[in-house]
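Okay, target21.txt now, which holds compact mmCIF, C-alpha atoms (C1' of nucleotides):
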```
# COMPACT_ATOMS: atom_id res chain seq x y z
CA MET A 1 -22.98 8.61 -46.35
CA HIS A 2 -21.18 5.56 -45.12
CA ALA A 3 -23.48 2.79 -44.03
CA ARG A 4 -21.51 0.13 -42.28
CA LYS A 5 -23.17 -3.24 -41.96
CA PRO A 6 -24.55 -4.16 -38.55
CA ASN A 7 -21.98 -6.95 -38.53
CA ALA A 8 -24.22 -9.21 -36.48
CA LEU A 9 -22.29 -11.96 -34.79
CA PHE A 10 -25.08 -13.55 -32.88
CA VAL A 11 -28.72 -14.04 -33.68
CA LEU A 12 -30.85 -15.16 -30.79
CA PRO A 13 -34.56 -15.72 -30.24
CA ILE A 14 -36.68 -14.09 -27.56
CA ALA A 15 -39.88 -15.82 -26.59
CA THR A 16 -42.70 -13.47 -25.66
CA PRO A 17 -46.47 -13.76 -25.25
CA ASP A 18 -46.65 -12.21 -28.71
CA GLY A 19 -44.40 -14.69 -30.40
CA VAL A 20 -40.71 -15.20 -30.93
CA PHE A 21 -38.74 -12.05 -31.66
CA VAL A 22 -35.22 -12.26 -33.03
CA ALA A 23 -32.36 -10.20 -31.66
CA ALA A 24 -29.08 -9.65 -33.47
CA TYR A 25 -25.87 -8.66 -31.68
CA SER A 26 -22.69 -7.18 -33.05
CA ALA A 27 -19.47 -6.76 -31.14
CA ASN A 28 -20.81 -3.47 -29.86
CA GLY A 29 -24.28 -4.37 -28.70
CA LEU A 30 -27.82 -4.97 -29.85
CA ALA A 31 -27.87 -4.20 -33.56
CA GLY A 32 -31.25 -5.48 -34.65
CA LEU A 33 -34.63 -6.67 -33.47
CA GLU A 34 -37.25 -8.35 -35.57
CA PHE A 35 -40.91 -8.96 -35.03
CA PRO A 36 -42.10 -12.57 -34.85
CA SER A 37 -42.32 -14.12 -38.24
CA ALA A 38 -43.19 -17.70 -38.89
CA VAL A 39 -40.74 -17.97 -41.72
CA LYS A 40 -37.42 -17.53 -40.00
CA ARG A 41 -37.84 -19.71 -36.97
CA ALA A 42 -35.34 -22.31 -38.10
CA LYS A 43 -32.47 -19.94 -38.56
CA THR A 44 -32.10 -18.86 -34.95
CA ARG A 45 -30.86 -22.19 -33.62
CA SER A 46 -27.50 -22.11 -35.31
CA ALA A 47 -25.46 -19.44 -33.58
CA LYS A 48 -25.76 -20.71 -30.05
CA LYS A 49 -22.17 -21.77 -29.82
CA GLY A 50 -19.36 -19.50 -28.80
CA ILE A 51 -21.56 -16.93 -27.18
CA THR A 52 -19.63 -14.74 -24.88
CA SER A 53 -20.87 -13.96 -21.41
CA ARG A 54 -21.11 -10.40 -22.54
CA VAL A 55 -23.60 -11.22 -25.27
CA ARG A 56 -25.46 -13.41 -22.81
CA ARG A 57 -25.77 -10.43 -20.52
CA TRP A 58 -26.92 -8.22 -23.33
CA HIS A 59 -29.44 -10.77 -24.40
CA ALA A 60 -30.84 -11.07 -20.92
CA ALA A 61 -31.24 -7.31 -20.79
CA THR A 62 -32.86 -7.24 -24.21
CA SER A 63 -35.29 -9.99 -23.33
CA LYS A 64 -36.33 -8.31 -20.14
CA ALA A 65 -36.63 -4.92 -21.77
CA LEU A 66 -38.64 -6.30 -24.65
CA ARG A 67 -41.11 -8.09 -22.43
CA ALA A 68 -41.56 -4.94 -20.37
CA ALA A 69 -42.08 -2.83 -23.47
CA LEU A 70 -44.58 -5.28 -24.87
CA ALA A 71 -46.49 -5.05 -21.63
CA GLY A 72 -46.62 -1.28 -22.00
CA ARG A 73 -44.13 -0.63 -19.23
CA THR A 74 -40.88 1.28 -19.29
CA PRO A 75 -37.96 -1.06 -19.93
CA PRO A 76 -35.60 -1.20 -16.93
CA THR A 77 -32.19 -1.16 -18.55
CA LEU A 78 -31.29 -1.56 -22.18
CA PRO A 79 -28.23 -3.31 -23.52
CA PRO A 80 -25.79 -1.12 -25.45
CA LEU A 81 -27.30 -0.36 -28.83
CA ASP A 82 -25.24 -0.62 -31.97
CA CYS A 83 -26.81 1.79 -34.44
CA SER A 84 -23.77 1.95 -36.65
CA SER A 85 -25.77 0.63 -39.58
CA GLY A 86 -27.47 3.98 -39.87
CA THR A 87 -26.37 7.20 -41.51
CA ARG A 88 -25.63 10.27 -39.43
CA PHE A 89 -29.10 11.61 -40.08
CA GLN A 90 -30.78 8.34 -39.19
CA ARG A 91 -28.88 8.02 -35.94
CA ARG A 92 -29.96 11.50 -35.01
CA VAL A 93 -33.57 10.57 -35.63
CA TRP A 94 -33.30 7.31 -33.72
CA ASN A 95 -31.73 9.12 -30.83
CA ALA A 96 -34.64 11.54 -30.79
CA LEU A 97 -37.07 8.64 -30.76
CA ARG A 98 -35.51 7.27 -27.61
CA LYS A 99 -36.45 10.43 -25.78
CA ILE A 100 -40.16 9.95 -26.31
CA ALA A 101 -41.56 8.57 -23.06
CA PRO A 102 -43.91 5.59 -23.07
CA GLY A 103 -47.49 6.70 -23.52
CA LYS A 104 -46.39 9.86 -25.33
CA THR A 105 -46.27 10.54 -29.03
CA ARG A 106 -44.64 13.00 -31.40
CA SER A 107 -45.35 13.91 -34.99
CA TYR A 108 -42.83 13.43 -37.76
CA ALA A 109 -42.65 17.22 -38.01
CA GLU A 110 -41.88 17.55 -34.29
CA ILE A 111 -39.04 15.08 -34.58
CA ALA A 112 -37.70 16.95 -37.59
CA LYS A 113 -37.78 20.21 -35.67
CA GLY A 114 -36.23 18.52 -32.65
CA ILE A 115 -33.11 17.51 -34.56
CA GLY A 116 -32.75 20.94 -36.08
CA LYS A 117 -34.03 20.01 -39.53
CA PRO A 118 -37.58 21.30 -39.52
CA LYS A 119 -38.03 20.75 -43.22
CA ALA A 120 -36.75 17.21 -43.35
CA VAL A 121 -40.12 15.89 -42.30
CA ARG A 122 -40.44 13.31 -44.96
CA ALA A 123 -36.87 12.18 -44.50
CA VAL A 124 -37.67 11.57 -40.84
CA GLY A 125 -40.34 9.16 -41.94
CA GLY A 126 -37.74 7.36 -43.98
CA ALA A 127 -35.39 7.17 -41.03
CA CYS A 128 -38.13 5.77 -38.82
CA GLY A 129 -38.72 3.09 -41.40
CA ALA A 130 -35.04 2.23 -41.30
CA ASN A 131 -34.97 1.81 -37.52
CA PRO A 132 -33.23 -1.53 -36.91
CA ILE A 133 -34.45 -1.88 -33.34
CA PRO A 134 -38.22 -1.36 -33.27
CA VAL A 135 -40.14 -1.44 -29.99
CA LEU A 136 -37.07 -0.63 -27.89
CA VAL A 137 -36.26 2.32 -30.12
CA PRO A 138 -39.86 3.48 -30.16
CA CYS A 139 -40.54 4.47 -33.72
CA HIS A 140 -44.15 3.46 -33.08
CA ARG A 141 -44.58 6.64 -31.03
CA VAL A 142 -44.28 8.83 -34.08
CA LEU A 143 -47.63 9.69 -35.62
CA ALA A 144 -48.81 11.86 -38.47
CA ALA A 145 -49.52 15.49 -37.63
CA ASN A 146 -53.25 14.83 -37.66
CA GLY A 147 -52.90 12.24 -34.91
CA ARG A 148 -53.40 9.27 -37.17
CA LEU A 149 -51.03 6.37 -37.23
CA GLY A 150 -48.93 7.09 -40.27
CA GLY A 151 -46.90 4.19 -41.53
CA PHE A 152 -45.00 1.36 -39.94
CA SER A 153 -42.37 -0.99 -41.26
CA GLY A 154 -44.00 -3.85 -39.41
CA THR A 155 -47.71 -4.32 -39.72
CA PRO A 156 -49.87 -1.30 -38.80
CA ALA A 157 -51.53 -3.62 -36.32
CA TRP A 158 -48.30 -3.78 -34.35
CA LYS A 159 -48.05 -0.01 -34.18
CA LYS A 160 -51.60 0.20 -32.93
CA THR A 161 -51.07 -2.54 -30.39
CA LEU A 162 -47.90 -1.05 -28.98
CA LEU A 163 -49.48 2.38 -28.60
CA ALA A 164 -52.61 0.98 -27.03
CA ARG A 165 -50.69 -1.04 -24.46
CA GLU A 166 -48.79 1.97 -23.20
CA GLY A 167 -51.91 4.09 -23.20
CA ALA A 168 -50.86 6.49 -25.92
CA PRO A 169 -53.65 8.35 -27.68
CA PHE A 170 -54.07 8.23 -31.43
CA ARG A 171 -56.85 8.79 -33.93
CA ALA A 172 -58.52 5.75 -35.32
C1' DT B 1 -66.75 16.56 -42.41
C1' DA B 2 -64.51 13.39 -45.36
C1' DA B 3 -61.87 12.31 -49.25
C1' DG B 4 -58.89 13.47 -53.00
C1' DT B 5 -55.16 16.39 -55.54
C1' DG B 6 -50.92 18.93 -55.92
C1' DC B 7 -46.65 20.38 -54.37
C1' DG B 8 -42.60 21.79 -51.33
C1' DT B 9 -38.80 19.51 -49.12
C1' DC B 10 -34.79 16.57 -48.23
C1' DG B 11 -32.19 12.26 -47.06
C1' DT B 12 -31.40 7.86 -49.37
C1' DT B 13 -30.57 4.84 -53.15
C1' DA C 1 -33.13 11.27 -61.04
C1' DA C 2 -36.74 8.94 -58.50
C1' DC C 3 -38.95 7.74 -54.36
C1' DG C 4 -41.08 7.99 -49.57
C1' DA C 5 -43.86 5.74 -42.38
C1' DC C 6 -45.00 13.91 -44.23
C1' DG C 7 -47.60 18.32 -44.02
C1' DC C 8 -50.31 21.86 -45.85
C1' DA C 9 -53.29 24.30 -48.81
C1' DC C 10 -57.13 23.74 -51.49
C1' DT C 11 -60.87 21.59 -54.06
C1' DT C 12 -65.12 18.66 -54.23
C1' DA C 13 -69.03 16.16 -52.54
```
Just give me the structure of the file as structure tokens.
Amino acid sequence: MHARKPNALFVLPIATPDGVFVAAYSANGLAGLEFPSAVKRAKTRSAKKGITSRVRRWHAATSKALRAALAGRTPPTLPPLDCSSGTRFQRRVWNALRKIAPGKTRSYAEIAKGIGKPKAVRAVGGACGANPIPVLVPCHRVLAANGRLGGFSGTPAWKKTLLAREGAPFRA
DNA sequence: TAAGTGCGTCGTT
DNA sequence: AACGACGCACTTA
């Protein structure tokens, strides 16, 4: 219904073996995470000034968590997540995603059932696609009912890579 | 088996 | 009113 903007105050880069991710922070926590993209490298330099120690702490946590996740390990601690950009329904889906352990997968239908809306299967797919914090909010662990990958807002290659690194099974 | 079609369903725009 | 990161039933080959 009401979709507040993430209201990102700080946009900071995270260097990883897979490239430079970009994290966005609002006053409430991590509000966005983007996969490496050659195009937007320049933009991240600007907002370095005026960073609070709080955001610095969050960013350290995000960086550490991201690198762990990319290595297929369980992230130690996450910064507070600001999912206020999402609708009620989307937040419920994202919350369900966070309960899927590394190496495990669920189907879109299982997620739908899990949030008490067994018929909203397709809408769950939409909510996954709207996930502002991929990798750390593990939308990649949601597969089609037949065990195949299903879609991904990033490249399908990323979804495959993330699953493979944490040892999650999926049909080629 | 594999691949393609049609349709129910529902949150979002 | 139209559109999906779906799922299922049901053809065809």
Using all atoms listed in the file and a distance of at most 8 Å, pull out the residues of chain C that contact chain A, as a PyMOL selection string. chain C and resi 4-7
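In this model, the gap between C1' of DT1 (chain B) and CA of Arg106 (chain A) comes to 25.0 Å.
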Expressed in Å to a single decimal, how great is the separation between CA of Thr52 (chain A) and CA of Ser26 (chain A)?
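Atom-to-atom, CA of Thr52 (chain A) and CA of Ser26 (chain A) are spaced 11.5 Å apart.
For the atom pair formed by CA of Ala23 (chain A) and CA of Ile111 (chain A), the distance is 26.3 Å, given to one decimal.
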Closest atom pairs, residues of chain B within 7 Å of chain A, all atoms listed in the file, as CSV:
```
residue,atom,partner,partner_atom,distance
B:DT9,C1',A:Lys119,CA,6.1
B:DC10,C1',A:Ala120,CA,5.3
B:DG11,C1',A:Ala123,CA,5.3
```
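Using only C-alpha atoms (C1' of nucleotides), the residues found no farther than 12 Å from DA9 (chain C), other than those of its own chain fewer than 6 positions away, are B:DT5, B:DG6, B:DC7, B:DG8.
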For region 29-39 of chain A: contacts at 9 Å, only C-alpha atoms (C1' of nucleotides), fewer than 6 positions along chain excluded, given as a VMD selection string = chain A and resid 6 to 8 11 18 to 23 55 58 to 59 62 79 to 85 131 to 136 154
Need the axis-aligned box for region 4-11 of chain C with 4 Å each side, so what are the centre and edges in Å to one decimal, as lines of an AutoDock Vina configuration file?
```
center_x = -51.0
center_y = 15.0
center_z = -48.2
size_x = 27.8
size_y = 26.6
size_z = 19.7
```
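Of the listed residues (A:Arg67, A:Arg171, A:Arg141, A:Lys113), A:Lys113 comes nearest to Arg92 (chain A); the distances count all atoms listed in the file.
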